[in-house]
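Trainee: Just dropping this structure here.
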Amino acid sequence: ERAPKEKPTQPALRQARQGPTDEAQMAAAAALARLEQKQPRTRGPTSQESIRNQVRKELRAEATVGGSTEAPGSNTVPEAKEEGSAHLAVPGVCFTCPLTGATLRKDQRDAHIKEAILSHFSTDPVAASIMKIHTFNKDRDRVKLGVDTIAKYLDNICLHPEEEKYRKIKLQNRVFQERINCLEGTHEFFEAIGFQKALLPVPDQEGPEEFYVLSEGVLAQPQSLQRHKEQLLVAEPVRATLARQRRLFRPSPMASQFELPGDFFNLTAEEIKREQRLRSEAVERLSVLRTKAMREREEQRELRKYSYTLLRVRLPDGCLLQGTFYARERVAALYAFVREALQNDWLPFDLLASGGQRLSEDESLAFNECGLVPSALLTFSWDAAVLEDIKAAGANPDSSILKPELLAAIEKLS
């Protein structure tokens with residue numbers, strides 16, 4: 001058999017099968033190194049990259065819990081800390097009872113106020129029963145309906161003092177049961193203003209029924225019923241007021257650093273971490289798909305995220321005045337807070353946000369609408385005319401402007 005002929009080697013084919021040249025290998029290695037090192041491109045950012053940067057910026061603003069990798073080293077966003085941990089900017093949110101003046105933690109206020117109202121029965125049962133009606137019953141619509149019905153009963157008595165039927169209220173009456181008996185404090189109110197329970201016969205019925213009957217002594221003084229009716233109608237629920245927890249600090253480079261307790265956040269620390277993680281995973285998708293409606297929904301969620309805000313005002317001498325506010329309080333509340341601390345509270349002044357914006361331009365805005373939650377550092381600025389007067393008088397415009405009693409309690413910010 002013949003041996004098969006060998007095909008002649010083709011120089012072009014042999015050359016194509018050779019390995020890459022040294023120059024090609026160097027170029028490939030350089031390209032691979034660029035990919036591994038993720039070197040930034042030299043061209044300017046595209047519109048998509050700008051959107052992504054904006055989204056990342058918003059995420060950094062939401063990084064309210066430690067552990068986020070979006071803003072390493074950033075101290076502009078406070079962390080939610082547990083009460084009792086060291087270096088908190090404020091130990092927690094506190095409230096003041098309007099009846100006793102006691103300072104209360106968030107979890108103490110409702111029980112304390114109820115106890116204070118009940119103890120008030122020994123001194124003023126009418127006022128105590130009115131407070132109980134408006135405070136112990138949470139359904140405001142039901143309270144209004146019950147209060148209006150009681151007011152109608154009292155009006156009938158005052159308008160028709162000679163008619164006996166208006167002085168008696170049948171407890172098993174359907175209107176009484178549905179509108180009044182279901183509310184806490186209503187029975188105490190009727191007894192406090194002069195009604196007494198009595199079993200009375202009912203026409204065409206075998207057994208007696210229980211009634212509230214107005215005493216003769218009260219009937220002789222109808223003006224007292226009118227007064228009690230007005231008290232009942234205008235009353236509001238007794239609510240603990242937010243304690244400002246005013247503090248004054250010496251000048252400090254840590255003025256813009258805030259570590260807040262969990263009270264300041266509507267979300268728990270775990271919920272904030274989870275929300276941050278989910279939003280981080282969706283950066284690329286949001287950067288492409290965010291519509292105006294989506295942005296508006298996100299803004300509304302931001303407004304609801306925080307219940308309180310901690311604000312500091314840097315004064316002309318560098319000292320820091322600090323107070324706690326509701327996130328939905330108006331800017332005017334901050335101006336009033338600062339004015340109370342001034343020696344000359346009648347002099348006009350301005351408060352400047354970090355971007356130099358004057359808050360006095362619209363004092364009706366809420367703090368969360370101005371981006372001043374959950375914390376912010378503002379700057380005190382004299383009105384221009386006042387500043388000229390201070391300088392003309394030869395006084396130092398940077399000297400302390402606070403009341404002496406506040407300066408006596410100044411602290412070091414740590």
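We label chains A, B, ... in the order they appear in the structure tokens, count residues from 1 in each chain, and number ligands from 1 in the order shown.
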Excluding Glu363 (chain A) and residues on its chain fewer than 3 positions from it, collect all residues at most 6 Å away from it, counting only C-alpha atoms, and give them as a ChimeraX atom specification.
Mentor: /A:331-332,360
Trainee: I need the residues from that last selection saved to file as an mmCIF file, in the first residue's frame (with N, CA, C and O atoms), if you can.
Mentor:
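So part.cif came out as:
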```
data_model
loop_
_atom_site.group_PDB
_atom_site.id
_atom_site.type_symbol
_atom_site.label_atom_id
_atom_site.label_comp_id
_atom_site.auth_asym_id
_atom_site.auth_seq_id
_atom_site.Cartn_x
_atom_site.Cartn_y
_atom_site.Cartn_z
ATOM 1 N N VAL A 331 -40.550 75.836 61.712
ATOM 2 C CA VAL A 331 -39.284 76.536 61.942
ATOM 3 C C VAL A 331 -39.460 77.637 62.988
ATOM 4 O O VAL A 331 -38.525 77.941 63.745
ATOM 5 N N ALA A 332 -40.638 78.210 63.056
ATOM 6 C CA ALA A 332 -40.897 79.272 64.039
ATOM 7 C C ALA A 332 -40.611 78.800 65.462
ATOM 8 O O ALA A 332 -40.227 79.598 66.326
ATOM 9 N N SER A 360 -35.636 82.144 58.105
ATOM 10 C CA SER A 360 -36.703 83.113 58.323
ATOM 11 C C SER A 360 -37.487 83.406 57.055
ATOM 12 O O SER A 360 -38.530 84.050 57.098
#
```
Trainee: Please identify which residues in region 338-390 of chain A DSSP calls strand (DSSP E or B) from the backbone, and express them as a PyMOL selection string.
Mentor: chain A and resi 342+349-352+358+366+375-382
Trainee: Give me the residues within 9 Å of Gln226 (chain A) as a list in words, counting only C-alpha atoms and dropping any in the same chain fewer than 5 places off.
Mentor: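 Once the nearby chain positions are removed, what remains is Ala151, Leu154, Asp155, Cys158 and Gln231 of chain A.
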Trainee: Export, as a PDB file, in the first residue's frame, the selected residues with N, CA, C and O atoms.
Mentor:
```
ATOM      1  N   ALA A 151     -73.947  67.738  75.703  1.00  0.00           N
ATOM      2  CA  ALA A 151     -74.241  69.177  75.629  1.00  0.00           C
ATOM      3  C   ALA A 151     -75.707  69.414  75.282  1.00  0.00           C
ATOM      4  O   ALA A 151     -76.329  70.361  75.805  1.00  0.00           O
ATOM      5  N   LEU A 154     -77.809  68.991  78.414  1.00  0.00           N
ATOM      6  CA  LEU A 154     -77.698  70.144  79.309  1.00  0.00           C
ATOM      7  C   LEU A 154     -78.402  71.367  78.736  1.00  0.00           C
ATOM      8  O   LEU A 154     -79.003  72.162  79.490  1.00  0.00           O
ATOM      9  N   ASP A 155     -78.352  71.550  77.418  1.00  0.00           N
ATOM     10  CA  ASP A 155     -79.079  72.663  76.802  1.00  0.00           C
ATOM     11  C   ASP A 155     -80.579  72.538  77.031  1.00  0.00           C
ATOM     12  O   ASP A 155     -81.264  73.542  77.303  1.00  0.00           O
ATOM     13  N   CYS A 158     -81.417  73.697  80.510  1.00  0.00           N
ATOM     14  CA  CYS A 158     -81.321  75.150  80.688  1.00  0.00           C
ATOM     15  C   CYS A 158     -82.428  75.888  79.931  1.00  0.00           C
ATOM     16  O   CYS A 158     -82.922  76.931  80.398  1.00  0.00           O
ATOM     17  N   GLN A 231     -66.952  73.951  79.284  1.00  0.00           N
ATOM     18  CA  GLN A 231     -65.692  73.285  79.604  1.00  0.00           C
ATOM     19  C   GLN A 231     -65.564  71.963  78.850  1.00  0.00           C
ATOM     20  O   GLN A 231     -64.500  71.627  78.319  1.00  0.00           O
TER      21      GLN A 231
END
```
Trainee: Report the residues of region 297-338 of chain A whose backbone DSSP state falls under alpha helix (DSSP H), written as a tab-separated table (two decimals) with N, CA, C and O atoms, in the first residue's frame.
Mentor:
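Result file is part15.tsv:
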```tsv
chain	number	residue	atom	x	y	z
A	297	ARG	N	-42.83	59.66	45.97
A	297	ARG	CA	-43.15	58.68	47.01
A	297	ARG	C	-41.96	58.53	47.96
A	297	ARG	O	-42.15	58.41	49.18
A	298	GLU	N	-40.75	58.53	47.42
A	298	GLU	CA	-39.58	58.43	48.28
A	298	GLU	C	-39.46	59.63	49.20
A	298	GLU	O	-39.10	59.51	50.37
A	299	GLU	N	-39.77	60.81	48.67
A	299	GLU	CA	-39.72	62.01	49.50
A	299	GLU	C	-40.73	61.94	50.64
A	299	GLU	O	-40.45	62.33	51.77
A	300	GLN	N	-41.92	61.43	50.36
A	300	GLN	CA	-42.93	61.30	51.40
A	300	GLN	C	-42.48	60.29	52.46
A	300	GLN	O	-42.72	60.49	53.65
A	301	ARG	N	-41.82	59.22	52.01
A	301	ARG	CA	-41.33	58.24	52.98
A	301	ARG	C	-40.25	58.86	53.86
A	301	ARG	O	-40.18	58.59	55.06
A	302	GLU	N	-39.41	59.70	53.27
A	302	GLU	CA	-38.39	60.39	54.05
A	302	GLU	C	-39.02	61.27	55.12
A	302	GLU	O	-38.53	61.35	56.24
A	303	LEU	N	-40.11	61.96	54.77
A	303	LEU	CA	-40.76	62.86	55.72
A	303	LEU	C	-41.32	62.10	56.91
A	303	LEU	O	-41.43	62.63	58.01
A	304	ARG	N	-41.71	60.83	56.68
A	304	ARG	CA	-42.32	60.04	57.75
A	304	ARG	C	-41.31	59.24	58.55
A	304	ARG	O	-41.67	58.63	59.55
A	305	LYS	N	-40.06	59.20	58.12
A	305	LYS	CA	-39.10	58.29	58.73
A	305	LYS	C	-38.72	58.71	60.14
A	305	LYS	O	-38.45	57.89	60.99
A	331	VAL	N	-40.55	75.84	61.71
A	331	VAL	CA	-39.28	76.54	61.94
A	331	VAL	C	-39.46	77.64	62.99
A	331	VAL	O	-38.52	77.94	63.75
A	332	ALA	N	-40.64	78.21	63.06
A	332	ALA	CA	-40.90	79.27	64.04
A	332	ALA	C	-40.61	78.80	65.46
A	332	ALA	O	-40.23	79.60	66.33
A	333	ALA	N	-40.79	77.49	65.74
A	333	ALA	CA	-40.54	76.97	67.08
A	333	ALA	C	-39.06	77.08	67.43
A	333	ALA	O	-38.71	77.33	68.59
A	334	LEU	N	-38.18	76.92	66.46
A	334	LEU	CA	-36.75	77.06	66.72
A	334	LEU	C	-36.39	78.50	67.01
A	334	LEU	O	-35.57	78.78	67.91
A	335	TYR	N	-36.97	79.43	66.28
A	335	TYR	CA	-36.72	80.85	66.55
A	335	TYR	C	-37.16	81.22	67.97
A	335	TYR	O	-36.46	81.94	68.68
A	336	ALA	N	-38.33	80.70	68.38
A	336	ALA	CA	-38.80	80.98	69.74
A	336	ALA	C	-37.87	80.37	70.79
A	336	ALA	O	-37.59	80.98	71.83
A	337	PHE	N	-37.37	79.18	70.50
A	337	PHE	CA	-36.45	78.50	71.42
A	337	PHE	C	-35.17	79.31	71.60
A	337	PHE	O	-34.68	79.48	72.73
A	338	VAL	N	-34.61	79.80	70.51
A	338	VAL	CA	-33.37	80.59	70.59
A	338	VAL	C	-33.65	81.92	71.28
A	338	VAL	O	-32.87	82.39	72.12
```
Trainee: Identify, on the basis of only C-alpha atoms, every residue whose closest approach to Arg105 (chain A) does not exceed 12 Å; exclude the query and any residue fewer than 4 positions from it along the same chain; express the result as number ranges by chain.
Mentor: A: 83, 91-97, 109-112, 240-243, 263
Trainee: What's the separation between CA of Ile150 (chain A) and CA of Ser122 (chain A), in Å to one decimal place?
Mentor: 23.1 Å
Trainee: Find the spatial neighbours of Ser381 (chain A), counting only C-alpha atoms, within a cut-off of 12 Å - ignore same-chain residues fewer than 2 positions away - and output them as number ranges by chain.
Mentor: A: 313-318, 335, 338, 347-353, 356-360, 378-379, 383-387, 397-398, 401
Trainee: Any idea what the distance is between CA of His120 (chain A) and CA of Arg140 (chain A)?
Mentor: 22.5 Å
Trainee: So which one's closest to Gln322 (chain A), A:Glu178, A:Glu369, A:Glu411, A:Glu188? Using only C-alpha atoms, please.
Mentor: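 Of A:Glu178, A:Glu369, A:Glu411, A:Glu188, the one nearest Gln322 (chain A) is A:Glu411, counting only C-alpha atoms.
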Trainee: For region 159-165 of chain A, list every protein, DNA or RNA residue within 10 Å, evaluated using only C-alpha atoms, and leave out those in the same chain fewer than 2 positions away; present the list as a count of residues only.
Mentor: 12
Trainee: Taking 5 positions as the minimum chain separation for residues in the same chain, which residues sit within 10 Å of Arg312 (chain A) when counting only C-alpha atoms? Answer as a PyMOL selection string.
Mentor: chain A and resi 246-249+255-256+258+319-324+334+375-380
